[in-house]
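I have placed the structure first, in the form of structure tokens, so that the comments after it can refer back to it.
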Amino acid sequence: MNIYPFYHQSSGTWSYLVANSSGECLIIDPVLDFDLSSGKVSFESANAIIDKLVANQLKCLWILETHAHADHLTAADYLKTKLNAKTVIGAGITEVQKHFSQLFNMDMTCDGSQFDQLVSEGNSIPFDDYSIEIIETAGHTSDGIVYKIGENLFVGDTFFHPTLGTARCDFPGGDANLLYQSLQKILSFPDDYKIWLCHDYPGSDREAVSCVTVAEMKQNIHLTQSNSLDDFVNLRENRDKQLSVPKLLYPALQVNICAGKLPTTEDNGANYLKIPLTISKD
């Protein structure tokens, strides 16, 4: 099996192209290029994945989302159209859809039918000699899942680089207690298993890292600073109170709960995203 990482600099996101020996492949957490200040959508990052796929004569079967991201727009629908692949996400997406469709006053069904397949703990997806195993990892969001392929764990936002810590838990459906349990699930695998990150935000002292071992992740700063579940919950909740809202939260979730489909064109030929306003009463 070959794993090709792609780093999206502006959002700090890792996407992956995973190919098996039969010439089949899947794509995990692809990114749509979006400039917030201009509203421009483009496809350079997704096309780089397509170029790699074509160069290696691969056929894409699946586009896998670890959850509905709040920090970048997904390119899942664009790639699905280009590659005739199927989109997959955790069954918890229905709860995410219910919350954010109300927030944005969106007229949509909240049954996950925008995706081709919903998966839950214990499910698997065929992939030649491999079986893609589904591990539910609630805590960051209610739809978070890990994809286990052989000795590789694609963990979404549960863990960041060991020096950076773990996922925030202050989004709807977030729960630091549940996240701690999810982290322990991941760390229960053998030390030499590989953890493929969804994000990295390196400083000037290092390059972005896509992969660490389970043994290395056991030294994650949020776990070494905690001696118990209660310590971790206190650390995580106190840290979350200091975090700002992700700058792409509103655009990203409007698109991502719809499996990457952009808002429909209106009668003036334009497409629009909404920003809910909080109006001060003072």
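Order determines the names: the first chain of the structure tokens is A, the second B, and so forth; residues in each chain are numbered 1 upward, and ligands are numbered 1 upward as they are shown.
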For range 121-142 of chain A versus range 147-158 of chain A, which residues have an atom no more than 8 Å away, and what is each residue's nearest atom pair and distance in Å rounded to one decimal, using only C-alpha atoms, chain-then-number order, as a tab-separated table?
```
residue	atom	partner	partner_atom	distance
A:Tyr130	CA	A:Gly150	CA	6.5
A:Ser131	CA	A:Ile149	CA	6.5
A:Ile132	CA	A:Ile149	CA	5.0
A:Glu133	CA	A:Lys148	CA	5.0
A:Ile134	CA	A:Tyr147	CA	5.3
A:Ile135	CA	A:Tyr147	CA	6.5
A:Thr137	CA	A:Thr158	CA	7.4
A:His140	CA	A:Thr158	CA	6.7
```
Write out, as JSON lines, each residue of range 113-179 of chain A that has an atom at most 8 Å from range 20-30 of chain A, together with the closest pair of atoms and their distance in Å to one decimal, counting only C-alpha atoms, rows going by chain and rising number.
```
{"residue": "A:Phe127", "atom": "CA", "partner": "A:Asn20", "partner_atom": "CA", "distance": 7.6}
{"residue": "A:Asp128", "atom": "CA", "partner": "A:Ser22", "partner_atom": "CA", "distance": 6.9}
{"residue": "A:Asp129", "atom": "CA", "partner": "A:Asn20", "partner_atom": "CA", "distance": 8.0}
```
Nearest-residue call for Ser210 in chain A, choices A:Leu235, A:Ile3, A:Cys60, A:Ile257, using only C-alpha atoms =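 Among the listed residues, the smallest separation from Ser210 in chain A belongs to A:Ile3.
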query = Using only C-alpha atoms, which of the listed residues (A:Lys247, A:Gly12, A:Thr163, A:Val54) sits closest to Asp205 in chain A?
reply =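 Among A:Lys247, A:Gly12, A:Thr163, A:Val54, it is A:Thr163 that comes nearest to Asp205 in chain A.
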key: Shell around Val255 in chain A at 10 Å using only C-alpha atoms, local window under 2 positions removed, as a list of chain:residue names   =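 Returned residues: A:Ala68, A:His69, A:Ala70, A:His72, A:Leu73, A:Thr74, A:Ala75, A:Asp77, A:Tyr250, A:Pro251, A:Ala252, A:Leu253, A:Ile257, A:Cys258, A:Ala259, A:Gly260, A:Lys261, A:Leu262, A:Pro263, A:Leu273.
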Take the selection from the previous step and output its residues with N, CA and C atoms, as a compact mmCIF listing (two decimals), in the first residue's frame.
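Output below, filename selection28.txt:
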```
# COMPACT_ATOMS: atom_id res chain seq x y z
N ALA A 68 -17.09 16.36 9.64
CA ALA A 68 -17.42 17.60 8.93
C ALA A 68 -16.52 18.71 9.48
N HIS A 69 -15.54 19.09 8.72
CA HIS A 69 -14.49 20.00 9.18
C HIS A 69 -15.02 21.43 9.36
N ALA A 70 -14.42 22.12 10.34
CA ALA A 70 -14.79 23.52 10.60
C ALA A 70 -13.70 24.49 10.19
N HIS A 72 -11.72 24.08 7.09
CA HIS A 72 -11.49 24.14 5.65
C HIS A 72 -12.72 23.59 4.94
N LEU A 73 -12.89 23.99 3.69
CA LEU A 73 -13.97 23.45 2.87
C LEU A 73 -13.49 22.16 2.22
N THR A 74 -14.36 21.16 2.17
CA THR A 74 -13.97 19.89 1.56
C THR A 74 -14.12 19.94 0.04
N ALA A 75 -13.21 19.24 -0.62
CA ALA A 75 -13.29 19.08 -2.08
C ALA A 75 -13.96 17.77 -2.47
N ASP A 77 -17.07 16.80 -3.10
CA ASP A 77 -18.02 16.78 -4.21
C ASP A 77 -17.32 17.01 -5.54
N TYR A 250 -17.93 29.28 9.52
CA TYR A 250 -19.23 29.45 8.87
C TYR A 250 -19.23 28.98 7.42
N PRO A 251 -18.27 29.40 6.60
CA PRO A 251 -18.26 28.89 5.23
C PRO A 251 -18.08 27.37 5.17
N ALA A 252 -17.16 26.86 5.98
CA ALA A 252 -16.82 25.44 5.90
C ALA A 252 -18.02 24.56 6.23
N LEU A 253 -18.70 24.86 7.32
CA LEU A 253 -19.77 23.96 7.74
C LEU A 253 -20.98 24.01 6.82
N ILE A 257 -21.38 20.00 5.59
CA ILE A 257 -22.52 19.15 5.97
C ILE A 257 -23.33 18.73 4.75
N CYS A 258 -23.02 19.32 3.59
CA CYS A 258 -23.67 18.96 2.33
C CYS A 258 -22.73 18.15 1.44
N ALA A 259 -21.74 17.51 2.04
CA ALA A 259 -20.79 16.65 1.33
C ALA A 259 -19.98 17.41 0.29
N GLY A 260 -19.77 18.70 0.54
CA GLY A 260 -18.93 19.50 -0.35
C GLY A 260 -19.68 20.19 -1.47
N LYS A 261 -20.99 20.03 -1.53
CA LYS A 261 -21.76 20.72 -2.58
C LYS A 261 -21.84 22.21 -2.24
N LEU A 262 -21.49 23.04 -3.21
CA LEU A 262 -21.53 24.48 -3.00
C LEU A 262 -22.98 24.98 -3.07
N PRO A 263 -23.27 26.13 -2.47
CA PRO A 263 -24.64 26.67 -2.53
C PRO A 263 -25.10 26.83 -3.97
N LEU A 273 -22.74 32.37 0.56
CA LEU A 273 -22.65 31.75 1.86
C LEU A 273 -23.14 32.73 2.90
```
task = Identify which of the residues A:Asp143, A:Asp200, A:Asp282, A:Glu136 lies closest to Leu183 in chain A, counting only C-alpha atoms when measuring atom-to-atom distances.
result =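 Using only C-alpha atoms, the shortest distance to Leu183 in chain A belongs to A:Glu136.
You can rank A:Phe100, A:Phe6, A:Phe160, A:Trp14 by their closest distance to Ile275 in chain A using only C-alpha atoms, and at the top of that list sits A:Phe100.
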query = Leaving out range 168-176 of chain A and any residue of its chain fewer than 6 positions from it, which residues lie within 10 Å of it when counting only C-alpha atoms, given as a VMD selection string?
reply = chain A and resid 70 92 95 to 96 99 to 100 138 to 144 157 to 159 182 229 to 230 232 to 237 239 to 241 243 245
query = From the set A:Ala91, A:Ile195, A:Ala48, A:Ala270, which residue has the shortest atom-to-atom contact distance to Val212 in chain A, counting only C-alpha atoms?
reply = A:Ile195
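Here CA of Gln254 in chain A and CA of Leu103 in chain A stand 9.7 Å from one another.
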